[in-house]
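Participant: So I've got this file, entry.txt, and it contains compact mmCIF, C-alpha atoms:
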```
# COMPACT_ATOMS: atom_id res chain seq x y z
CA MET N 1 82.47 109.74 92.00
CA SER N 2 82.62 110.28 95.76
CA ASP N 3 83.49 113.71 97.15
CA LEU N 4 85.57 113.29 100.30
CA VAL N 5 86.55 116.30 102.40
CA THR N 6 89.93 116.17 104.13
CA GLY N 7 90.83 117.78 107.44
CA ASP N 8 92.18 120.79 105.51
CA ALA N 9 88.81 121.30 103.78
CA VAL N 10 90.06 119.95 100.44
CA VAL N 11 87.40 118.25 98.34
CA LEU N 12 88.75 115.11 96.73
CA GLY N 13 86.91 113.57 93.81
CA LEU N 14 87.51 109.87 94.45
CA ARG N 15 86.13 106.75 92.79
CA PRO N 16 85.43 103.95 95.31
CA ALA N 17 86.14 100.44 94.10
CA ARG N 18 83.16 98.17 93.60
CA LEU N 19 82.65 94.51 94.35
CA PRO N 20 83.92 92.95 91.07
CA SER N 21 87.29 94.71 91.09
CA ARG N 22 87.74 94.14 94.82
CA ALA N 23 86.87 90.46 94.49
CA LEU N 24 89.37 90.04 91.66
CA ALA N 25 92.09 91.75 93.68
CA PHE N 26 91.31 89.55 96.69
CA PHE N 27 91.51 86.33 94.67
CA LEU N 28 94.83 87.39 93.16
CA ASP N 29 96.21 88.12 96.62
CA LEU N 30 94.79 84.86 97.96
CA LEU N 31 96.42 82.91 95.13
CA VAL N 32 99.80 84.44 95.91
CA TYR N 33 99.48 83.86 99.66
CA LEU N 34 98.25 80.27 99.26
CA THR N 35 101.15 79.52 96.95
CA GLY N 36 103.58 80.88 99.52
CA TYR N 37 101.84 78.97 102.30
CA LEU N 38 102.05 75.73 100.30
CA LEU N 39 105.77 76.17 99.68
CA ILE N 40 106.40 76.98 103.33
CA SER N 41 104.32 73.98 104.45
CA ILE N 42 106.33 71.63 102.26
CA GLY N 43 109.54 72.97 103.77
CA LEU N 44 108.14 72.64 107.30
CA VAL N 45 107.23 69.00 106.69
CA TYR N 46 110.91 68.14 106.25
CA ALA N 47 112.06 70.56 108.95
CA THR N 48 109.69 69.18 111.61
CA ALA N 49 109.97 65.48 110.75
CA SER N 50 111.60 64.69 114.08
CA MET N 51 109.02 66.58 116.20
CA ASP N 52 105.97 65.14 117.87
CA VAL N 53 102.39 65.64 116.65
CA ALA N 54 101.62 68.57 118.99
CA ALA N 55 104.71 70.51 117.91
CA LYS N 56 103.92 69.91 114.27
CA ALA N 57 100.37 71.19 114.78
CA ALA N 58 101.65 74.31 116.57
CA VAL N 59 104.11 75.07 113.79
CA SER N 60 101.42 74.54 111.17
CA VAL N 61 98.99 76.93 112.90
CA ALA N 62 101.73 79.52 113.37
CA SER N 63 102.70 79.36 109.70
CA PHE N 64 99.06 79.68 108.68
CA VAL N 65 98.53 82.79 110.80
CA LEU N 66 101.84 84.28 109.70
CA VAL N 67 101.37 83.80 105.97
CA LEU N 68 97.62 84.39 105.58
CA VAL N 69 97.18 87.08 108.26
CA GLY N 70 100.53 88.62 109.18
CA VAL N 71 101.93 88.94 105.67
CA PRO N 72 98.87 90.78 104.23
CA ILE N 73 98.96 93.22 107.16
CA ALA N 74 102.67 93.86 106.64
CA VAL N 75 102.24 94.28 102.88
CA GLU N 76 99.41 96.82 103.23
CA THR N 77 101.34 98.72 105.88
CA LEU N 78 104.62 98.93 103.97
CA SER N 79 102.99 99.65 100.60
CA HIS N 80 100.44 102.10 102.04
CA GLY N 81 97.45 100.06 100.92
CA ARG N 82 98.66 98.52 97.67
CA SER N 83 98.95 94.73 97.72
CA LEU N 84 99.86 92.74 94.64
CA GLY N 85 96.24 92.10 93.71
CA LYS N 86 95.24 95.72 94.26
CA LEU N 87 98.25 96.89 92.27
CA ALA N 88 97.22 94.65 89.36
CA CYS N 89 93.62 95.92 89.49
CA GLY N 90 94.53 99.57 90.01
CA LEU N 91 93.15 99.78 93.57
CA ARG N 92 94.45 101.33 96.76
CA VAL N 93 93.37 101.39 100.41
CA VAL N 94 93.23 104.88 101.95
CA ARG N 95 91.77 106.48 105.05
CA ASP N 96 88.32 108.04 105.04
CA ASP N 97 89.93 111.46 104.54
CA GLY N 98 91.99 110.26 101.57
CA GLY N 99 95.30 109.92 103.44
CA PRO N 100 97.58 106.86 103.48
CA ILE N 101 96.80 104.06 105.92
CA ARG N 102 99.00 103.06 108.85
CA PHE N 103 99.64 99.85 110.75
CA ARG N 104 96.52 100.12 112.92
CA HIS N 105 94.29 100.41 109.85
CA ALA N 106 95.91 97.39 108.21
CA LEU N 107 95.71 95.44 111.49
CA VAL N 108 91.96 96.02 111.88
CA ARG N 109 91.32 95.17 108.23
CA GLY N 110 93.41 92.00 108.50
CA ALA N 111 91.76 90.87 111.72
CA MET N 112 88.27 91.42 110.33
CA GLY N 113 89.31 89.77 107.07
CA VAL N 114 89.91 86.49 108.90
CA VAL N 115 86.22 86.44 109.88
CA GLU N 116 84.47 87.96 106.87
CA LEU N 117 86.78 86.69 104.13
CA LEU N 118 88.44 83.46 105.25
CA GLY N 119 85.93 82.31 107.88
CA THR N 120 82.80 82.81 105.77
CA PHE N 121 84.41 82.38 102.32
CA GLY N 122 83.82 86.05 101.52
CA SER N 123 80.01 85.96 101.83
CA VAL N 124 79.84 88.52 104.66
CA ALA N 125 82.23 90.83 102.83
CA CYS N 126 80.20 90.58 99.62
CA ILE N 127 76.95 91.44 101.40
CA ALA N 128 78.53 94.36 103.25
CA SER N 129 80.11 95.68 100.07
CA LEU N 130 76.81 95.52 98.17
CA VAL N 131 74.91 97.27 100.97
CA SER N 132 77.51 100.01 101.50
CA ALA N 133 77.19 103.14 99.38
CA ARG N 134 80.96 103.21 98.85
CA GLY N 135 81.50 99.47 98.56
CA ARG N 136 83.13 99.03 101.99
CA ARG N 137 83.31 95.74 103.83
CA LEU N 138 83.18 95.44 107.63
CA GLY N 139 86.95 95.69 107.94
CA ASP N 140 86.86 99.05 106.15
CA VAL N 141 84.03 100.30 108.37
CA PHE N 142 85.81 99.42 111.63
CA ALA N 143 89.22 100.59 110.41
CA GLY N 144 87.93 103.82 108.86
CA THR N 145 89.33 103.03 105.41
CA LEU N 146 88.15 103.03 101.83
CA VAL N 147 89.33 101.17 98.72
CA LEU N 148 89.72 103.48 95.73
CA ARG N 149 90.27 103.07 92.01
CA GLU N 150 93.59 104.66 91.06
CA ARG N 151 93.39 103.90 87.34
CA VAL N 152 90.14 105.24 85.94
CA SER N 153 89.01 105.98 82.40
CA GLY N 154 87.87 109.51 81.72
CA PRO N 155 89.23 112.97 80.99
CA ALA N 156 92.90 113.74 81.41
CA VAL N 157 94.32 114.95 84.69
CA MET N 158 93.58 118.61 85.37
CA PRO N 159 96.64 120.69 84.50
CA VAL N 160 98.31 122.97 86.99
CA PRO N 161 97.52 126.65 86.29
CA PRO N 162 100.46 128.51 84.71
CA PRO N 163 102.35 130.98 86.89
CA PRO N 164 102.17 134.74 86.30
CA PRO N 165 104.45 135.92 83.49
CA TRP N 166 106.57 138.01 85.86
CA LEU N 167 107.56 134.80 87.70
CA ALA N 168 108.62 132.81 84.63
CA GLY N 169 112.18 131.50 85.03
CA ARG N 170 112.69 133.20 88.39
CA PHE N 171 113.33 129.97 90.29
CA GLY N 172 115.80 128.37 87.89
CA ALA N 173 118.50 128.02 90.56
CA LEU N 174 116.19 126.56 93.23
CA ASP N 175 117.28 123.17 94.61
CA LEU N 176 114.26 120.85 94.46
CA SER N 177 116.02 117.56 95.17
CA ALA N 178 114.90 117.41 98.82
CA VAL N 179 111.18 117.94 98.12
CA PRO N 180 109.34 114.62 98.66
CA ASP N 181 106.77 113.26 96.24
CA GLY N 182 104.03 113.56 98.84
CA LEU N 183 104.50 117.32 99.05
CA TRP N 184 104.48 117.63 95.26
CA LEU N 185 101.21 115.68 95.16
CA ALA N 186 99.65 117.88 97.84
CA ILE N 187 100.71 121.05 96.00
CA ARG N 188 99.37 119.76 92.69
CA GLN N 189 96.04 118.76 94.23
CA TYR N 190 95.71 122.18 95.81
CA LEU N 191 96.55 124.07 92.61
CA THR N 192 94.11 122.05 90.50
CA ARG N 193 91.27 122.55 93.00
CA MET N 194 91.98 125.92 94.60
CA GLY N 195 89.08 127.47 92.71
CA GLN N 196 86.69 125.19 94.62
CA LEU N 197 87.92 126.29 98.06
CA ASP N 198 86.83 129.10 100.29
CA PRO N 199 89.21 132.07 99.71
CA GLN N 200 90.35 132.22 103.33
CA VAL N 201 90.83 128.46 103.59
CA GLY N 202 92.65 128.40 100.26
CA ALA N 203 94.98 131.23 101.29
CA ALA N 204 95.83 129.46 104.55
CA MET N 205 96.52 126.19 102.74
CA ALA N 206 98.69 127.94 100.14
CA ALA N 207 100.73 129.63 102.87
CA LYS N 208 101.24 126.31 104.69
CA LEU N 209 102.29 124.46 101.53
CA ALA N 210 104.61 127.31 100.57
CA ASP N 211 106.24 127.26 104.01
CA ASP N 212 106.75 123.50 103.73
CA LEU N 213 108.28 123.95 100.28
CA VAL N 214 110.62 126.70 101.50
CA ALA N 215 111.70 124.49 104.42
CA ARG N 216 112.54 121.67 101.99
CA THR N 217 114.42 123.80 99.48
CA GLY N 218 116.42 125.72 102.08
CA ALA N 219 115.99 129.02 100.20
CA PRO N 220 114.31 132.02 101.86
CA ALA N 221 110.82 132.96 100.80
CA PRO N 222 110.68 135.45 97.91
CA ALA N 223 109.50 138.95 98.78
CA GLY N 224 106.23 140.22 97.39
CA VAL N 225 105.16 136.89 95.85
CA PRO N 226 101.77 135.43 96.81
CA ALA N 227 101.91 131.89 98.13
CA ALA N 228 99.70 130.45 95.37
CA ALA N 229 101.75 132.13 92.63
CA PHE N 230 104.95 130.88 94.26
CA LEU N 231 103.61 127.30 94.21
CA MET N 232 102.58 127.62 90.55
CA ALA N 233 106.00 128.92 89.55
CA VAL N 234 107.90 126.19 91.43
CA VAL N 235 105.71 123.40 90.02
CA HIS N 236 106.17 124.85 86.52
CA GLU N 237 109.93 124.94 87.11
CA ARG N 238 109.94 121.28 88.15
CA GLN N 239 107.92 120.29 85.08
CA SER N 240 110.34 122.23 82.87
CA ARG N 241 113.31 120.44 84.40
CA ASP N 242 111.68 117.05 83.93
CA ALA N 243 110.96 117.87 80.29
CA ALA N 244 114.52 119.09 79.75
CA ARG N 245 116.00 115.93 81.25
CA ALA N 246 113.65 113.60 79.38
CA PHE N 247 113.44 115.21 75.94
CA GLY N 248 116.03 117.97 75.79
CA ARG N 249 113.23 120.29 74.77
CA PRO N 250 114.47 123.71 73.59
CA GLY N 251 113.13 126.83 75.18
CA VAL N 252 112.93 125.24 78.63
CA PRO N 253 114.43 127.36 81.45
CA ALA N 254 117.97 126.19 82.10
CA VAL N 255 118.82 124.46 85.34
CA PRO N 256 122.27 124.34 86.97
CA GLY N 257 123.83 120.98 86.21
CA VAL N 258 121.29 120.23 83.40
CA MET N 259 121.41 120.93 79.67
CA GLY N 260 125.08 121.93 79.75
CA VAL N 261 124.73 124.64 82.41
CA PRO N 262 127.48 124.18 85.01
CA ALA N 263 126.42 123.56 88.58
CA GLY N 264 126.63 126.75 90.60
CA GLY N 265 126.85 128.90 87.46
CA ALA N 266 124.31 131.33 86.11
CA TYR N 267 122.45 130.85 82.88
CA VAL N 268 123.24 133.49 80.24
CA PRO N 269 120.63 133.72 77.48
CA PRO N 270 121.84 134.09 73.92
CA SER N 271 120.34 137.60 73.66
CA VAL N 272 122.90 139.04 76.09
CA ALA N 273 125.92 137.11 74.85
CA GLN N 274 128.99 139.16 73.96
CA PRO N 275 128.81 140.24 70.28
CA VAL N 276 131.64 139.37 67.93
CA PRO N 277 133.37 142.43 66.41
CA PRO N 278 132.36 143.01 62.77
CA ALA N 279 136.02 143.12 61.73
CA ALA N 280 136.29 139.42 62.43
CA TYR N 281 133.99 138.74 59.48
CA ALA N 282 135.83 141.06 56.99
CA PRO N 283 136.76 139.34 53.67
CA ALA N 284 140.37 138.71 52.75
CA ALA N 285 142.12 141.62 50.97
CA ALA N 286 143.33 141.35 47.36
CA PRO N 287 147.05 140.64 46.71
CA GLY N 288 149.20 143.72 46.94
CA PRO N 289 150.66 145.94 49.57
CA THR N 290 149.08 145.13 52.90
CA PRO N 291 147.86 148.26 54.66
CA ALA N 292 148.20 148.59 58.38
CA PRO N 293 145.17 147.08 60.10
CA ALA N 294 142.85 149.47 61.82
CA PRO N 295 142.68 149.05 65.59
CA VAL N 296 139.69 147.07 66.72
CA PRO N 297 137.96 148.58 69.75
CA ALA N 298 137.84 146.27 72.73
CA PRO N 299 134.36 145.03 73.55
CA THR N 300 132.70 146.63 76.53
CA PRO N 301 132.26 144.08 79.32
CA ALA N 302 128.71 143.31 80.26
CA GLN N 303 127.52 144.86 83.48
CA PRO N 304 126.80 142.25 86.16
CA ALA N 305 123.20 141.82 87.11
CA ALA N 306 122.12 143.26 90.41
CA GLU N 307 121.87 140.72 93.19
CA PRO N 308 118.21 140.29 94.18
CA VAL N 309 117.25 141.28 97.67
CA ARG N 310 116.01 138.27 99.62
CA ARG N 311 113.36 138.60 102.26
CA THR N 312 111.09 136.15 104.01
CA GLY N 313 107.33 135.80 104.23
CA PHE N 314 104.56 135.60 101.65
CA ALA N 315 102.68 138.82 100.90
CA PRO N 316 100.67 140.05 97.88
CA PRO N 317 102.64 142.19 95.41
CA ALA N 318 102.44 145.95 95.89
```
Translate the structure of the given file into structure tokens.
Facilitator:
Amino acid sequence: MSDLVTGDAVVLGLRPARLPSRALAFFLDLLVYLTGYLLISIGLVYATASMDVAAKAAVSVASFVLVLVGVPIAVETLSHGRSLGKLACGLRVVRDDGGPIRFRHALVRGAMGVVELLGTFGSVACIASLVSARGRRLGDVFAGTLVLRERVSGPAVMPVPPPPPWLAGRFGALDLSAVPDGLWLAIRQYLTRMGQLDPQVGAAMAAKLADDLVARTGAPAPAGVPAAAFLMAVVHERQSRDAARAFGRPGVPAVPGVMGVPAGGAYVPPSVAQPVPPAAYAPAAAPGPTPAPAPVPAPTPAQPAAEPVRRTGFAPPA
């Protein structure tokens, strides 16, 4: 386990990939790329049959560079560090701070890979990976990246702490469709590790994540709700919605448009539903003269709930 500290002072418990898994991922990628290069070369043989020798050599070199250098760089950039071989082995390339890589990181890794992987048949990369404490080759050192194990055996993922009871079901009408997966991941990582952070740093991170969440949902910030408690309640609400959609689990807070609740309508729990008059359940009278029915009092309409006052800003409850 390697403890990496991000720019926001978040400690990430990461497992760097070692030489055997990285070598297997590289050979799987190399097999795919060589197969593609062979198919392209066969097609170029027929396409360049009328060209001279120099043109054929130029096309061959260009196809080699494109397939074995350009394609891996593009794949790592577009997939954020997950090539086919790494995906099969459960690996991923990230920055030193745990963030996703960009084009410049993939470019440096690809350029160095030509020398230490293809040029020396992987011997330089193997030596560098064995010497490095985190199993990094030279391309990782120059690019500032690290290859991690995404699928690891061990204890289950740390659960998100439950929200305070007074926040349960309060955010049932919140629109969470515009919240990206990256923000959910950042919120979950913070909530599972907030006990390891400095109180001031943790409070600042919670306020920033809560502001980002409010900006994505479009709803104003609730008044008197701490930022960390707000994040717990919203994550719990999202998990409840996912469970309701997947399993139809009873007892899950209702969501507009899900579980039979109309979109834009309010959820009415069974405890406050309008009671049926007792006269409706009276047994049928015996044959004989029918007496005049007693008037049934009209049910009293339920009083509408008071509209909550919306304010902005995150502050501890009074």
Participant: In Å, rounded to a single decimal, give me how far atom CA of N:Glu150 is from atom CA of N:His236.
Facilitator: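 Separation of atom CA of N:His236 and atom CA of N:Glu150: 24.2 Å.
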Participant: Please measure the separation of atom CA of N:Val234 and atom CA of N:Gln196, giving the value in Å to one decimal.
Facilitator: 21.5 Å
Participant: Hey, can you check how far atom CA of N:Val108 sits from atom CA of N:Arg18?
Facilitator: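 So the answer is 20.4 Å.
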Participant: Which neighbours of N:Ser60 fall inside 10 Å, counting only C-alpha atoms, when residues of the same chain fewer than 3 positions from it are skipped, and could you give them as a VMD selection string?
Facilitator: chain N and resid 37 40 to 41 44 to 45 48 54 to 57 63 to 66
Participant: Excluding stretch 161-169 of chain N and its own-chain neighbours fewer than 2 positions away, which residues fall within 8 Å of it when counting only C-alpha atoms? Please give them as a PDB file with C-alpha atoms, in the coordinates of the input.
Facilitator:
```pdb
ATOM      1  CA  PRO N 159      96.640 120.690  84.500  1.00  0.00           C
ATOM      2  CA  PHE N 171     113.330 129.970  90.290  1.00  0.00           C
ATOM      3  CA  GLY N 172     115.800 128.370  87.890  1.00  0.00           C
ATOM      4  CA  LEU N 191      96.550 124.070  92.610  1.00  0.00           C
ATOM      5  CA  THR N 192      94.110 122.050  90.500  1.00  0.00           C
ATOM      6  CA  ALA N 229     101.750 132.130  92.630  1.00  0.00           C
ATOM      7  CA  PHE N 230     104.950 130.880  94.260  1.00  0.00           C
ATOM      8  CA  MET N 232     102.580 127.620  90.550  1.00  0.00           C
ATOM      9  CA  ALA N 233     106.000 128.920  89.550  1.00  0.00           C
ATOM     10  CA  HIS N 236     106.170 124.850  86.520  1.00  0.00           C
ATOM     11  CA  GLU N 237     109.930 124.940  87.110  1.00  0.00           C
ATOM     12  CA  PRO N 253     114.430 127.360  81.450  1.00  0.00           C
TER      13      PRO N 253
END
```
Participant: For N:Val160, which residue among N:Ala228, N:Cys89, N:Ala215, N:Ala204 is the nearest when counting all atoms listed in the file?
Facilitator: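 Ranking N:Ala228, N:Cys89, N:Ala215, N:Ala204 by distance to N:Val160, first place goes to N:Ala228.
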